[in-house]
>>> print(open('structure-v6.txt').read())   # compact mmCIF, C-alpha atoms and all ligand atoms
# COMPACT_ATOMS: atom_id res chain seq x y z
CA MET T 1 0.00 0.00 0.00
CA PRO T 2 1.47 3.49 -0.87
CA LEU T 3 2.43 5.69 2.13
CA PRO T 4 -0.39 8.33 1.95
CA ALA T 5 -2.96 5.52 1.68
CA LEU T 6 -1.37 3.78 4.68
CA GLN T 7 -1.46 7.02 6.76
CA LYS T 8 -5.12 7.54 5.81
CA PHE T 9 -5.89 4.00 6.83
CA GLU T 10 -4.06 4.49 10.18
CA ARG T 11 -6.01 7.69 10.93
CA LYS T 12 -9.25 5.87 10.14
CA ILE T 13 -8.37 3.06 12.57
CA GLU T 14 -7.35 5.63 15.24
CA ARG T 15 -10.66 7.45 14.88
CA GLN T 16 -12.53 4.16 15.20
CA ILE T 17 -10.58 3.23 18.33
CA GLU T 18 -11.18 6.69 19.88
CA ARG T 19 -14.90 6.34 19.17
CA GLN T 20 -14.91 2.89 20.82
CA ILE T 21 -13.06 4.24 23.88
CA ARG T 22 -15.52 7.14 24.27
CA PHE T 23 -18.41 4.72 23.94
CA LEU T 24 -16.89 2.37 26.55
CA GLU T 25 -16.26 5.27 28.98
CA VAL T 26 -19.88 6.34 28.77
CA ARG T 27 -20.98 2.71 29.35
CA LYS T 28 -18.50 2.39 32.24
CA ASN T 29 -19.92 5.48 33.96
CA ILE T 30 -23.48 4.20 33.53
CA ILE T 31 -22.53 0.75 34.89
CA GLU T 32 -20.65 2.30 37.84
CA ARG T 33 -23.66 4.44 38.73
CA LYS T 34 -25.91 1.35 38.50
CA ILE T 35 -23.59 -0.64 40.82
CA GLU T 36 -23.45 2.25 43.32
CA ARG T 37 -27.25 2.42 43.35
CA GLN T 38 -27.47 -1.36 43.95
CA ILE T 39 -24.96 -1.13 46.82
CA ARG T 40 -26.93 1.74 48.43
CA LEU T 41 -30.18 -0.23 48.08
CA PHE T 42 -28.54 -3.33 49.57
CA GLU T 43 -27.17 -1.34 52.54
CA GLN T 44 -30.57 0.26 53.19
CA LYS T 45 -32.23 -3.17 53.05
CA ARG T 46 -29.59 -4.73 55.31
CA ASN T 47 -30.00 -1.97 57.91
CA GLY T 48 -33.78 -2.42 57.76
CA ILE T 49 -33.53 -6.20 58.23
CA GLY T 50 -30.96 -5.75 61.02
CA LYS T 51 -33.22 -3.34 62.93
CA ARG T 52 -36.22 -5.65 62.49
CA ILE T 53 -34.28 -8.67 63.83
CA GLU T 54 -32.99 -6.60 66.80
CA HIS T 55 -36.53 -5.44 67.55
CA GLN T 56 -37.84 -9.03 67.43
CA ILE T 57 -35.03 -10.23 69.71
CA LYS T 58 -35.84 -7.47 72.24
CA GLN T 59 -39.56 -8.34 72.12
CA PHE T 60 -38.74 -12.01 72.64
CA GLU T 61 -36.46 -11.22 75.61
CA LEU T 62 -39.13 -8.97 77.18
CA LYS T 63 -41.88 -11.54 76.69
CA LYS T 64 -39.85 -14.44 78.08
CA GLY T 65 -38.07 -12.39 80.75
CA ILE T 66 -34.65 -13.72 79.60
CA ARG T 67 -31.47 -12.45 77.94
CA LEU T 68 -30.16 -14.30 74.93
CA ASP T 69 -26.63 -13.15 75.75
CA ASP T 70 -24.08 -14.92 73.53
CA GLU T 71 -26.50 -15.71 70.71
CA VAL T 72 -27.68 -12.09 70.63
CA ARG T 73 -24.14 -10.69 70.70
CA PHE T 74 -23.32 -13.01 67.86
CA ILE T 75 -26.37 -12.11 65.77
CA ARG T 76 -25.74 -8.40 66.33
CA SER T 77 -22.14 -8.74 65.20
CA TRP T 78 -23.24 -10.79 62.21
CA ILE T 79 -25.75 -8.10 61.21
CA GLU T 80 -22.98 -5.51 61.31
CA ARG T 81 -20.31 -7.55 59.50
CA PRO T 82 -21.78 -10.73 57.98
CA LEU T 83 -18.70 -11.80 56.02
CA SER T 84 -16.25 -11.34 58.89
CA ILE T 85 -18.33 -13.19 61.43
CA GLY T 86 -19.20 -15.93 58.95
CA ALA T 87 -21.87 -17.60 61.13
CA VAL T 88 -25.18 -16.50 62.61
CA THR T 89 -24.79 -18.37 65.91
CA PRO T 90 -21.84 -19.59 68.00
CA SER T 91 -20.62 -23.16 67.43
CA GLY T 92 -22.55 -25.86 69.24
CA LYS T 93 -20.97 -28.01 71.97
CA ILE T 94 -20.42 -31.09 69.77
CA LEU T 95 -18.55 -29.11 67.13
CA ALA T 96 -16.52 -27.27 69.80
CA ARG T 97 -15.61 -30.56 71.50
CA THR T 98 -14.63 -32.14 68.19
CA MET T 99 -12.28 -29.19 67.55
CA ALA T 100 -10.78 -29.52 71.05
CA ARG T 101 -10.25 -33.26 70.62
CA TYR T 102 -7.48 -32.60 68.11
CA VAL T 103 -5.44 -30.69 70.70
CA ASP T 104 -3.34 -32.80 73.06
CA PRO T 105 -3.85 -31.30 76.56
CA ASN T 106 -0.55 -32.89 77.65
CA SER T 107 1.47 -31.15 74.94
CA THR T 108 3.65 -28.21 75.90
CA GLY T 109 3.54 -24.65 74.62
CA PRO T 110 0.78 -22.18 73.92
CA VAL T 111 -2.48 -23.08 72.19
CA VAL T 112 -3.50 -20.31 69.78
CA GLU T 113 -7.18 -19.79 68.98
CA LEU T 114 -8.06 -17.57 66.00
CA GLY T 115 -11.53 -16.01 65.97
CA PRO T 116 -12.79 -17.36 69.32
CA GLY T 117 -15.96 -15.22 69.16
CA THR T 118 -17.99 -15.75 72.34
CA GLY T 119 -15.71 -18.67 73.28
CA PRO T 120 -17.49 -22.03 72.74
CA VAL T 121 -14.29 -23.65 71.42
CA THR T 122 -12.24 -21.94 74.16
CA GLU T 123 -14.57 -23.50 76.72
CA ALA T 124 -14.22 -26.95 75.10
CA LEU T 125 -10.41 -26.62 75.12
CA VAL T 126 -10.42 -25.76 78.83
CA GLU T 127 -12.86 -28.61 79.53
CA ALA T 128 -10.54 -30.97 77.65
CA GLY T 129 -7.70 -30.04 80.02
CA VAL T 130 -5.87 -27.16 78.30
CA ALA T 131 -4.88 -24.70 81.04
CA PRO T 132 -6.40 -21.23 80.34
CA SER T 133 -2.95 -19.68 80.89
CA ARG T 134 -1.74 -21.55 77.77
CA LEU T 135 -4.42 -19.98 75.59
CA VAL T 136 -3.61 -17.14 73.21
CA LEU T 137 -6.87 -15.78 71.79
CA VAL T 138 -6.78 -13.61 68.64
CA GLU T 139 -10.08 -11.84 68.00
CA PHE T 140 -10.81 -8.52 66.30
CA ASN T 141 -14.38 -7.92 67.41
CA PRO T 142 -14.26 -5.57 70.46
CA THR T 143 -17.53 -6.89 71.96
CA PHE T 144 -16.23 -10.47 71.86
CA CYS T 145 -12.83 -9.33 73.24
CA HIS T 146 -14.52 -7.68 76.20
CA LEU T 147 -16.46 -10.88 76.92
CA LEU T 148 -13.41 -13.15 76.50
CA ARG T 149 -11.32 -10.95 78.80
CA SER T 150 -13.88 -11.33 81.58
CA ARG T 151 -14.38 -15.08 81.00
CA TYR T 152 -10.74 -16.08 80.58
CA PRO T 153 -8.68 -13.62 82.63
CA ASP T 154 -5.69 -16.01 82.64
CA ALA T 155 -5.59 -16.34 78.86
CA THR T 156 -3.60 -13.95 76.66
CA LEU T 157 -6.02 -11.94 74.55
CA VAL T 158 -4.79 -10.25 71.39
CA GLN T 159 -7.27 -7.84 69.86
CA GLY T 160 -6.25 -7.78 66.21
CA ASP T 161 -6.39 -9.26 62.76
CA ALA T 162 -5.64 -12.99 62.77
CA TYR T 163 -4.36 -12.75 59.19
CA GLY T 164 -1.48 -10.69 60.63
CA MET T 165 -0.76 -13.52 63.10
CA ARG T 166 2.93 -13.73 62.27
CA ARG T 167 3.53 -10.08 63.22
CA LEU T 168 1.11 -10.21 66.19
CA LEU T 169 2.50 -13.37 67.76
CA GLU T 170 6.15 -13.86 66.83
CA THR T 171 7.43 -11.85 69.77
CA LEU T 172 4.57 -12.77 72.08
CA LEU T 173 5.03 -16.55 71.92
CA LEU T 174 7.98 -17.56 74.06
CA GLN T 175 7.99 -21.11 72.65
CA PRO T 176 6.49 -22.83 69.59
CA ALA T 177 2.72 -23.30 69.77
CA ALA T 178 1.31 -26.77 70.39
CA ALA T 179 -1.73 -26.11 68.17
CA VAL T 180 -3.57 -23.41 66.27
CA VAL T 181 -7.36 -23.72 66.41
CA SER T 182 -9.30 -21.53 64.02
CA GLY T 183 -12.93 -20.45 63.88
CA LEU T 184 -12.20 -17.86 61.17
CA PRO T 185 -14.58 -17.83 58.20
CA LEU T 186 -11.65 -18.87 55.98
CA ILE T 187 -13.81 -19.73 53.00
CA THR T 188 -14.69 -16.03 52.50
CA LYS T 189 -11.02 -15.22 51.85
CA PRO T 190 -8.98 -15.73 48.66
CA ILE T 191 -7.06 -19.01 48.53
CA LYS T 192 -3.68 -17.18 48.63
CA MET T 193 -4.62 -15.51 51.91
CA ARG T 194 -5.80 -18.81 53.44
CA LEU T 195 -2.59 -20.50 52.40
CA ARG T 196 -0.50 -17.69 53.89
CA LEU T 197 -2.42 -18.02 57.16
CA LEU T 198 -1.77 -21.77 57.24
CA ARG T 199 1.96 -21.29 56.50
CA ASP T 200 2.23 -18.58 59.18
CA ALA T 201 0.52 -20.92 61.64
CA PHE T 202 2.93 -23.77 60.75
CA ASP T 203 5.88 -21.42 61.25
CA LEU T 204 4.69 -20.63 64.78
CA MET T 205 4.16 -24.30 65.69
CA LEU T 206 6.19 -27.41 66.38
CA PRO T 207 6.50 -29.74 63.35
CA GLY T 208 3.50 -32.08 63.19
CA ALA T 209 1.36 -29.83 65.41
CA PRO T 210 -2.27 -29.44 64.26
CA PHE T 211 -3.94 -26.48 62.57
CA VAL T 212 -7.60 -27.17 63.35
CA GLN T 213 -10.29 -25.44 61.29
CA PHE T 214 -14.03 -25.95 60.97
CA THR T 215 -16.18 -25.16 57.95
CA TYR T 216 -19.82 -25.39 57.00
CA SER T 217 -18.95 -25.84 53.35
CA VAL T 218 -18.65 -29.24 51.68
CA ALA T 219 -15.24 -28.47 50.17
CA ALA T 220 -12.05 -28.44 52.22
CA PRO T 221 -11.05 -24.92 53.34
CA LEU T 222 -7.57 -25.66 51.93
CA PRO T 223 -7.43 -28.26 49.16
CA LYS T 224 -4.96 -31.10 49.65
CA ARG T 225 -3.56 -30.64 46.12
CA LEU T 226 -1.86 -27.43 47.30
CA GLY T 227 0.61 -29.77 48.95
CA GLY T 228 3.20 -29.50 51.67
CA PHE T 229 0.86 -30.69 54.41
CA SER T 230 -1.26 -33.64 55.50
CA VAL T 231 -5.04 -33.32 55.78
CA GLU T 232 -7.47 -35.12 58.06
CA ALA T 233 -11.22 -34.51 58.33
CA SER T 234 -13.84 -35.38 60.94
CA GLU T 235 -17.24 -36.79 60.08
CA ARG T 236 -19.78 -34.10 59.17
CA ILE T 237 -21.34 -32.92 62.45
CA TRP T 238 -25.03 -32.95 61.56
CA MET T 239 -26.06 -31.89 65.07
CA ASN T 240 -24.45 -28.49 64.59
CA LEU T 241 -26.47 -25.70 63.03
CA PRO T 242 -25.47 -25.43 60.25
CA PRO T 243 -23.81 -28.87 59.98
CA ALA T 244 -20.03 -28.54 59.98
CA ARG T 245 -16.84 -30.51 59.52
CA VAL T 246 -13.48 -30.17 61.27
CA TRP T 247 -10.32 -30.18 59.14
CA VAL T 248 -6.85 -30.75 60.55
CA TYR T 249 -3.69 -29.75 58.72
CA ARG T 250 -0.15 -30.70 59.74
CA ARG T 251 3.27 -29.97 58.31
CA PRO T 252 5.52 -33.01 58.69
C1 LIG L 1 -17.63 -18.15 62.57
S1 LIG L 1 -17.23 -17.12 63.96
C2 LIG L 1 -16.63 -18.40 65.05
C3 LIG L 1 -16.64 -17.99 66.50
C4 LIG L 1 -16.34 -19.11 67.48
N1 LIG L 1 -15.02 -19.68 67.29
C5 LIG L 1 -17.38 -20.20 67.37
O1 LIG L 1 -17.00 -21.31 66.99
O2 LIG L 1 -18.54 -19.93 67.68
C6 LIG L 1 -15.78 -16.28 63.41
C7 LIG L 1 -15.06 -15.45 64.44
O3 LIG L 1 -13.86 -14.99 63.87
C8 LIG L 1 -13.70 -13.60 64.15
N2 LIG L 1 -12.88 -13.07 63.06
C9 LIG L 1 -13.20 -12.99 61.74
N3 LIG L 1 -12.18 -12.50 61.04
C10 LIG L 1 -11.18 -12.24 61.93
C11 LIG L 1 -9.87 -11.72 61.80
N4 LIG L 1 -9.38 -11.37 60.62
N5 LIG L 1 -9.12 -11.60 62.91
C12 LIG L 1 -9.60 -11.97 64.13
N6 LIG L 1 -10.84 -12.45 64.31
C13 LIG L 1 -11.62 -12.60 63.22
C14 LIG L 1 -15.11 -13.06 64.17
O4 LIG L 1 -15.18 -11.85 64.90
C15 LIG L 1 -15.82 -14.22 64.88
O5 LIG L 1 -15.69 -14.11 66.26
>>> encode(input="structure-v6.txt", output="structure tokens", more="lines below")
Ligand SMILES: C[S@@+](CC[C@H](N)C(=O)[O-])C[C@H]1O[C@@H](n2cnc3c(N)ncnc32)[C@H](O)[C@@H]1O
Amino acid sequence: MPLPALQKFERKIERQIERQIRFLEVRKNIIERKIERQIRLFEQKRNGIGKRIEHQIKQFELKKGIRLDDEVRFIRSWIERPLSIGAVTPSGKILARTMARYVDPNSTGPVVELGPGTGPVTEALVEAGVAPSRLVLVEFNPTFCHLLRSRYPDATLVQGDAYGMRRLLETLLLQPAAAVVSGLPLITKPIKMRLRLLRDAFDLMLPGAPFVQFTYSVAAPLPKRLGGFSVEASERIWMNLPPARVWVYRRP
């Protein structure tokens, strides 16, 4: 093609591309505005539902003359931050005991619990023979922290983000941990973040020590194919609401 014809052709293509870009920018702005409107609507709805549930809980408490303490605290926190809490009620006793069963009470070193919430698993660990002074509880919800501090004054409570466990605990733990027990809603996090948490936990523990995690989902919270660790799973605990399974990961 002769040069002037080529330049003309180039200009034509450039004009077409510019037109496409302008068109896409207009579409992008429209789509962004639509998404923002949907988010606002969702937030309004969520606040409405939250207030209605709170009102019903209060009515129920007044009528029955009781306080639904832990369950209510949990539901309130879930209404505020559903993805971070990850469950509507605290774990039931059977699930909590199954988690605790994977921790050897005669082992030495601290037992780290991530996301203890109102403390059902903490209670099961203590019941199973783990001394409260060995417990290191990492929780970021201030209401739960307040409750845990009053219930387990001998435990070490760290109010912070469990995903920053390495930084939070490396100077705090005076010896390798005997176990890390997690109630975190892991499944809501990207796989890379879950894997980093598991590796950080392994680095804080003795080789072969368990990382104990429960999930409501059918799939493993960390797939075995990722490698570098062994995986063990409990039976599905149908008595828990919702039914759950306990997964145990170890680095040889
Ligand atoms: C599904 S609840 C489990 C609570 C309790 N272990 C149980 O079994 O009932 C998850 C808990 O993890 C806490 N949590 C979620 N993300 C966290 C994070 N990044 N750091 C610390 N705690 C977190 C929540 O506040 C909540 O207490």
>>> closest_residue(input="structure-v6.txt", among="T:Phe214, T:Phe140, T:Tyr102, T:Phe202", to="ligand LIG 1 (chain L)", atoms="all atoms listed in the file")
T:Phe140
>>> residues_near_ligand(input="structure-v6.txt", ligand="ligand LIG 1 (chain L)", cutoff="7 Å", atoms="all atoms listed in the file", output="PDB file with C-alpha atoms, in the coordinates of the input")
ATOM      1  CA  SER T  84     -16.250 -11.340  58.890  1.00  0.00           C
ATOM      2  CA  ILE T  85     -18.330 -13.190  61.430  1.00  0.00           C
ATOM      3  CA  GLY T  86     -19.200 -15.930  58.950  1.00  0.00           C
ATOM      4  CA  ALA T  87     -21.870 -17.600  61.130  1.00  0.00           C
ATOM      5  CA  THR T  89     -24.790 -18.370  65.910  1.00  0.00           C
ATOM      6  CA  PRO T  90     -21.840 -19.590  68.000  1.00  0.00           C
ATOM      7  CA  SER T  91     -20.620 -23.160  67.430  1.00  0.00           C
ATOM      8  CA  ALA T  96     -16.520 -27.270  69.800  1.00  0.00           C
ATOM      9  CA  LEU T 114      -8.060 -17.570  66.000  1.00  0.00           C
ATOM     10  CA  GLY T 115     -11.530 -16.010  65.970  1.00  0.00           C
ATOM     11  CA  PRO T 116     -12.790 -17.360  69.320  1.00  0.00           C
ATOM     12  CA  GLY T 117     -15.960 -15.220  69.160  1.00  0.00           C
ATOM     13  CA  THR T 118     -17.990 -15.750  72.340  1.00  0.00           C
ATOM     14  CA  GLY T 119     -15.710 -18.670  73.280  1.00  0.00           C
ATOM     15  CA  PRO T 120     -17.490 -22.030  72.740  1.00  0.00           C
ATOM     16  CA  VAL T 121     -14.290 -23.650  71.420  1.00  0.00           C
ATOM     17  CA  VAL T 138      -6.780 -13.610  68.640  1.00  0.00           C
ATOM     18  CA  GLU T 139     -10.080 -11.840  68.000  1.00  0.00           C
ATOM     19  CA  PHE T 140     -10.810  -8.520  66.300  1.00  0.00           C
ATOM     20  CA  ASN T 141     -14.380  -7.920  67.410  1.00  0.00           C
ATOM     21  CA  PHE T 144     -16.230 -10.470  71.860  1.00  0.00           C
ATOM     22  CA  GLY T 160      -6.250  -7.780  66.210  1.00  0.00           C
ATOM     23  CA  ASP T 161      -6.390  -9.260  62.760  1.00  0.00           C
ATOM     24  CA  ALA T 162      -5.640 -12.990  62.770  1.00  0.00           C
ATOM     25  CA  TYR T 163      -4.360 -12.750  59.190  1.00  0.00           C
ATOM     26  CA  SER T 182      -9.300 -21.530  64.020  1.00  0.00           C
ATOM     27  CA  GLY T 183     -12.930 -20.450  63.880  1.00  0.00           C
ATOM     28  CA  LEU T 184     -12.200 -17.860  61.170  1.00  0.00           C
ATOM     29  CA  PRO T 185     -14.580 -17.830  58.200  1.00  0.00           C
TER      30      PRO T 185
END
>>> residues_around(input="structure-v6.txt", residues="T:Glu127", least_positions_apart="5", cutoff="10 Å", atoms="only C-alpha atoms", output="number ranges by chain")
T: 97, 100, 105, 121-122, 132
>>> closest_residue(input="structure-v6.txt", among="T:Leu198, T:Pro2, T:Ala155, T:Arg101", to="T:Ser234", atoms="all atoms listed in the file")
T:Arg101
>>> residues_around(input="structure-v6.txt", residues="stretch 205-209 of chain T", least_positions_apart="2", cutoff="9 Å", atoms="only C-alpha atoms", output="ChimeraX atom specification")
/T:103,109,175-180,200-203,211,249-252
>>> atom_distance(input="structure-v6.txt", atom1="atom CA of T:Leu174", atom2="atom CA of T:Pro221")
29.1 Å
>>> closest_residue(input="structure-v6.txt", among="T:Glu123, T:Phe23, T:Ile49, T:Gln59", to="T:Leu95", atoms="only C-alpha atoms")
T:Glu123
>>> atom_distance(input="structure-v6.txt", atom1="atom CA of T:Ala124", atom2="atom CA of T:Leu137")
13.8 Å
>>> axis_aligned_box(input="structure-v6.txt", around="stretch 28-39 of chain T", padding_each_side="4 Å", output="AutoDock Vina command-line options")
--center_x -23.0 --center_y 2.1 --center_z 39.5 --size_x 17.0 --size_y 14.8 --size_z 22.6
